[in-house]
>>> print(open('coords_7.cif').read())   # mmCIF, C-alpha atoms, pLDDT in the B column; chains and numbers go by the auth columns
data_structure
#
loop_
_atom_site.group_PDB
_atom_site.id
_atom_site.type_symbol
_atom_site.label_atom_id
_atom_site.label_comp_id
_atom_site.label_asym_id
_atom_site.label_seq_id
_atom_site.Cartn_x
_atom_site.Cartn_y
_atom_site.Cartn_z
_atom_site.B_iso_or_equiv
_atom_site.auth_seq_id
_atom_site.auth_asym_id
ATOM 1 C CA MET A 1 137.524 156.133 42.188 64.00 1 A
ATOM 2 C CA GLN A 2 138.834 152.702 41.217 90.00 2 A
ATOM 3 C CA ILE A 3 139.618 151.624 44.792 92.00 3 A
ATOM 4 C CA PHE A 4 135.928 151.872 45.736 95.00 4 A
ATOM 5 C CA LYS A 5 134.978 149.610 42.824 96.00 5 A
ATOM 6 C CA LEU A 6 137.499 147.033 44.047 96.00 6 A
ATOM 7 C CA ILE A 7 136.262 147.252 47.649 97.00 7 A
ATOM 8 C CA GLU A 8 132.669 146.868 46.467 96.00 8 A
ATOM 9 C CA GLU A 9 133.625 143.734 44.505 97.00 9 A
ATOM 10 C CA ILE A 10 135.310 142.297 47.608 97.00 10 A
ATOM 11 C CA ILE A 11 132.291 142.767 49.873 97.00 11 A
ATOM 12 C CA THR A 12 129.726 141.667 47.286 96.00 12 A
ATOM 13 C CA GLU A 13 131.767 138.558 46.366 96.00 13 A
ATOM 14 C CA PRO A 14 133.584 137.889 49.664 96.00 14 A
ATOM 15 C CA PRO A 15 136.126 135.129 50.337 96.00 15 A
ATOM 16 C CA ILE A 16 133.877 133.949 53.193 96.00 16 A
ATOM 17 C CA PRO A 17 130.162 134.648 53.727 96.00 17 A
ATOM 18 C CA HIS A 18 129.106 137.006 56.495 96.00 18 A
ATOM 19 C CA GLU A 19 127.402 135.014 59.241 95.00 19 A
ATOM 20 C CA PRO A 20 126.074 137.538 61.799 93.00 20 A
ATOM 21 C CA TYR A 21 125.762 134.868 64.502 94.00 21 A
ATOM 22 C CA LYS A 22 129.479 134.008 64.155 95.00 22 A
ATOM 23 C CA GLN A 23 131.249 137.344 63.621 96.00 23 A
ATOM 24 C CA SER A 24 130.547 141.060 63.681 97.00 24 A
ATOM 25 C CA LEU A 25 130.127 142.973 60.451 98.00 25 A
ATOM 26 C CA LYS A 26 133.242 144.990 61.305 98.00 26 A
ATOM 27 C CA ALA A 27 135.388 141.876 61.841 98.00 27 A
ATOM 28 C CA TRP A 28 134.064 140.295 58.635 98.00 28 A
ATOM 29 C CA ALA A 29 134.696 143.418 56.526 98.00 29 A
ATOM 30 C CA MET A 30 138.211 143.830 57.928 98.00 30 A
ATOM 31 C CA TYR A 31 138.998 140.145 57.271 98.00 31 A
ATOM 32 C CA CYS A 32 137.744 140.313 53.672 98.00 32 A
ATOM 33 C CA LEU A 33 139.777 143.433 52.917 98.00 33 A
ATOM 34 C CA ARG A 34 142.941 142.031 54.535 98.00 34 A
ATOM 35 C CA TYR A 35 142.476 138.729 52.687 97.00 35 A
ATOM 36 C CA LYS A 36 142.584 140.661 49.399 96.00 36 A
ATOM 37 C CA GLY A 37 145.759 142.503 50.403 96.00 37 A
ATOM 38 C CA PHE A 38 144.527 145.796 51.832 96.00 38 A
ATOM 39 C CA LYS A 39 146.328 147.234 54.846 97.00 39 A
ATOM 40 C CA VAL A 40 143.514 147.704 57.370 97.00 40 A
ATOM 41 C CA VAL A 41 144.468 149.801 60.396 96.00 41 A
ATOM 42 C CA TYR A 42 142.983 151.269 63.569 95.00 42 A
ATOM 43 C CA ALA A 43 140.989 154.489 63.197 96.00 43 A
ATOM 44 C CA GLN A 44 140.116 156.680 66.145 94.00 44 A
ATOM 45 C CA ASN A 45 136.829 158.117 64.849 94.00 45 A
ATOM 46 C CA ALA A 46 135.779 155.293 62.532 97.00 46 A
ATOM 47 C CA ASP A 47 135.511 151.516 62.725 98.00 47 A
ATOM 48 C CA PHE A 48 138.709 151.063 60.683 98.00 48 A
ATOM 49 C CA ALA A 49 140.802 152.664 57.954 97.00 49 A
ATOM 50 C CA ILE A 50 142.545 151.447 54.826 97.00 50 A
ATOM 51 C CA GLU A 51 146.049 152.783 54.255 95.00 51 A
ATOM 52 C CA THR A 52 146.696 153.813 50.677 88.00 52 A
ATOM 53 C CA LYS A 53 150.050 154.612 49.108 86.00 53 A
ATOM 54 C CA GLY A 54 150.546 158.280 48.350 81.00 54 A
ATOM 55 C CA ALA A 55 147.032 159.234 49.391 81.00 55 A
ATOM 56 C CA GLU A 56 144.965 159.907 52.463 89.00 56 A
ATOM 57 C CA ASN A 57 143.662 156.944 54.479 94.00 57 A
ATOM 58 C CA LEU A 58 140.105 155.850 53.669 96.00 58 A
ATOM 59 C CA TYR A 59 137.926 155.744 56.785 97.00 59 A
ATOM 60 C CA PHE A 60 135.054 153.285 57.084 98.00 60 A
ATOM 61 C CA LYS A 61 132.169 152.604 59.405 97.00 61 A
ATOM 62 C CA VAL A 62 129.861 149.602 59.314 97.00 62 A
ATOM 63 C CA SER A 63 126.130 149.399 59.909 97.00 63 A
ATOM 64 C CA ASN A 64 123.298 146.892 59.796 95.00 64 A
ATOM 65 C CA THR A 65 120.930 149.548 58.482 93.00 65 A
ATOM 66 C CA ALA A 66 121.210 152.216 55.783 89.00 66 A
ATOM 67 C CA ASN A 67 119.276 154.773 57.852 90.00 67 A
ATOM 68 C CA ASP A 68 120.835 158.013 59.161 90.00 68 A
ATOM 69 C CA LEU A 69 124.378 157.426 57.933 93.00 69 A
ATOM 70 C CA ASP A 70 126.966 160.181 58.450 92.00 70 A
ATOM 71 C CA ASN A 71 127.990 161.386 54.974 92.00 71 A
ATOM 72 C CA SER A 72 131.529 162.172 56.105 92.00 72 A
ATOM 73 C CA PHE A 73 132.463 158.454 56.210 95.00 73 A
ATOM 74 C CA ASN A 74 132.527 155.550 53.780 97.00 74 A
ATOM 75 C CA TRP A 75 130.054 152.888 54.896 97.00 75 A
ATOM 76 C CA ILE A 76 129.775 149.137 54.566 98.00 76 A
ATOM 77 C CA VAL A 77 126.130 148.268 55.146 97.00 77 A
ATOM 78 C CA TRP A 78 124.684 144.801 55.716 97.00 78 A
ATOM 79 C CA ASP A 79 121.167 144.111 54.443 95.00 79 A
ATOM 80 C CA SER A 80 119.810 141.206 56.478 92.00 80 A
ATOM 81 C CA THR A 81 116.860 140.779 54.098 93.00 81 A
ATOM 82 C CA THR A 82 118.992 140.100 51.016 94.00 82 A
ATOM 83 C CA LYS A 83 121.947 138.819 53.077 94.00 83 A
ATOM 84 C CA SER A 84 124.349 141.042 51.172 95.00 84 A
ATOM 85 C CA ALA A 85 126.714 143.891 51.890 97.00 85 A
ATOM 86 C CA SER A 86 127.007 147.150 50.014 97.00 86 A
ATOM 87 C CA LEU A 87 129.440 150.045 49.922 97.00 87 A
ATOM 88 C CA ILE A 88 128.260 153.622 50.328 96.00 88 A
ATOM 89 C CA PRO A 89 131.125 156.077 49.632 95.00 89 A
ATOM 90 C CA LYS A 90 131.248 159.352 51.524 92.00 90 A
ATOM 91 C CA LYS A 91 129.802 162.366 49.760 85.00 91 A
#
>>> encode(input="coords_7.cif", output="structure tokens")
Amino acid sequence: MQIFKLIEEIITEPPIPHEPYKQSLKAWAMYCLRYKGFKVVYAQNADFAIETKGAENLYFKVSNTANDLDNSFNWIVWDSTTKSASLIPKK
């Protein structure tokens, strides 16, 4: 899906770097997506959602490790070793 490619580009080439000592991964991801024009909204069972026109909302969770991720969500994962974020779409 094209929207996932765009989201991946945003988090791999963000408008501001993620600095874990300054902001949470969730706050950083939400800021980056809003900065690029996405409508980021509250989600009851996820960290946040992106509203899409004419389609179902996309639900995201964030994590600092890629271990034991729930496949029913899209994930934004921070790798502290490489200091980069990645997108893992739900299966």
>>> residues_around(input="coords_7.cif", residues="region 73-86 of chain A", least_positions_apart="4", cutoff="10 Å", atoms="only C-alpha atoms", output="PyMOL selection string")
chain A and resi 4+7-14+17-20+25-26+29+45-47+49+58-67+69+90-91
>>> atom_distance(input="coords_7.cif", atom1="CA of Asp70 (chain A)", atom2="CA of Val40 (chain A)")
20.8 Å
>>> axis_aligned_box(input="coords_7.cif", around="region 9-13 of chain A", padding_each_side="5 Å", output="AutoDock Vina command-line options")
--center_x 132.5 --center_y 141.1 --center_z 47.2 --size_x 15.6 --size_y 15.2 --size_z 15.4
>>> atom_distance(input="coords_7.cif", atom1="CA of Gly54 (chain A)", atom2="CA of Ile3 (chain A)")
13.3 Å
>>> atom_distance(input="coords_7.cif", atom1="CA of Glu56 (chain A)", atom2="CA of Pro89 (chain A)")
14.6 Å
>>> closest_residue(input="coords_7.cif", among="A:Asp68, A:Cys32, A:Ala27, A:Tyr21", to="Phe48 (chain A)", atoms="only C-alpha atoms")
A:Ala27
>>> residues_around(input="coords_7.cif", residues="Lys39 (chain A)", least_positions_apart="6", cutoff="9 Å", atoms="all atoms listed in the file", output="MDAnalysis selection string")
chainID A and resid 33 49:52
>>> closest_residue(input="coords_7.cif", among="A:Asn71, A:Val41, A:Lys36, A:Gln2", to="Pro15 (chain A)", atoms="all atoms listed in the file")
A:Lys36
>>> decode(input="coords_7.cif", residues="region 31-52 of chain A", atoms="C-alpha atoms", output="JSON list (two decimals), in the first residue's frame")
[["chain", "number", "residue", "atom", "x", "y", "z"],
["A", 31, "TYR", "CA", 4.85, 14.87, 15.51],
["A", 32, "CYS", "CA", 6.60, 13.64, 12.36],
["A", 33, "LEU", "CA", 3.36, 12.36, 10.84],
["A", 34, "ARG", "CA", 1.44, 15.55, 11.70],
["A", 35, "TYR", "CA", 4.29, 17.68, 10.33],
["A", 36, "LYS", "CA", 3.86, 15.92, 6.97],
["A", 37, "GLY", "CA", 0.10, 16.51, 6.96],
["A", 38, "PHE", "CA", -1.36, 13.31, 8.37],
["A", 39, "LYS", "CA", -4.36, 13.56, 10.68],
["A", 40, "VAL", "CA", -3.18, 11.70, 13.79],
["A", 41, "VAL", "CA", -5.95, 10.92, 16.28],
["A", 42, "TYR", "CA", -6.55, 9.16, 19.59],
["A", 43, "ALA", "CA", -6.94, 5.37, 19.47],
["A", 44, "GLN", "CA", -8.38, 3.39, 22.34],
["A", 45, "ASN", "CA", -6.47, 0.13, 21.82],
["A", 46, "ALA", "CA", -3.36, 1.49, 20.10],
["A", 47, "ASP", "CA", -0.90, 4.31, 20.68],
["A", 48, "PHE", "CA", -2.49, 6.44, 17.93],
["A", 49, "ALA", "CA", -4.34, 6.20, 14.63],
["A", 50, "ILE", "CA", -4.10, 7.93, 11.27],
["A", 51, "GLU", "CA", -7.40, 8.97, 9.71],
["A", 52, "THR", "CA", -7.60, 8.23, 6.01]]
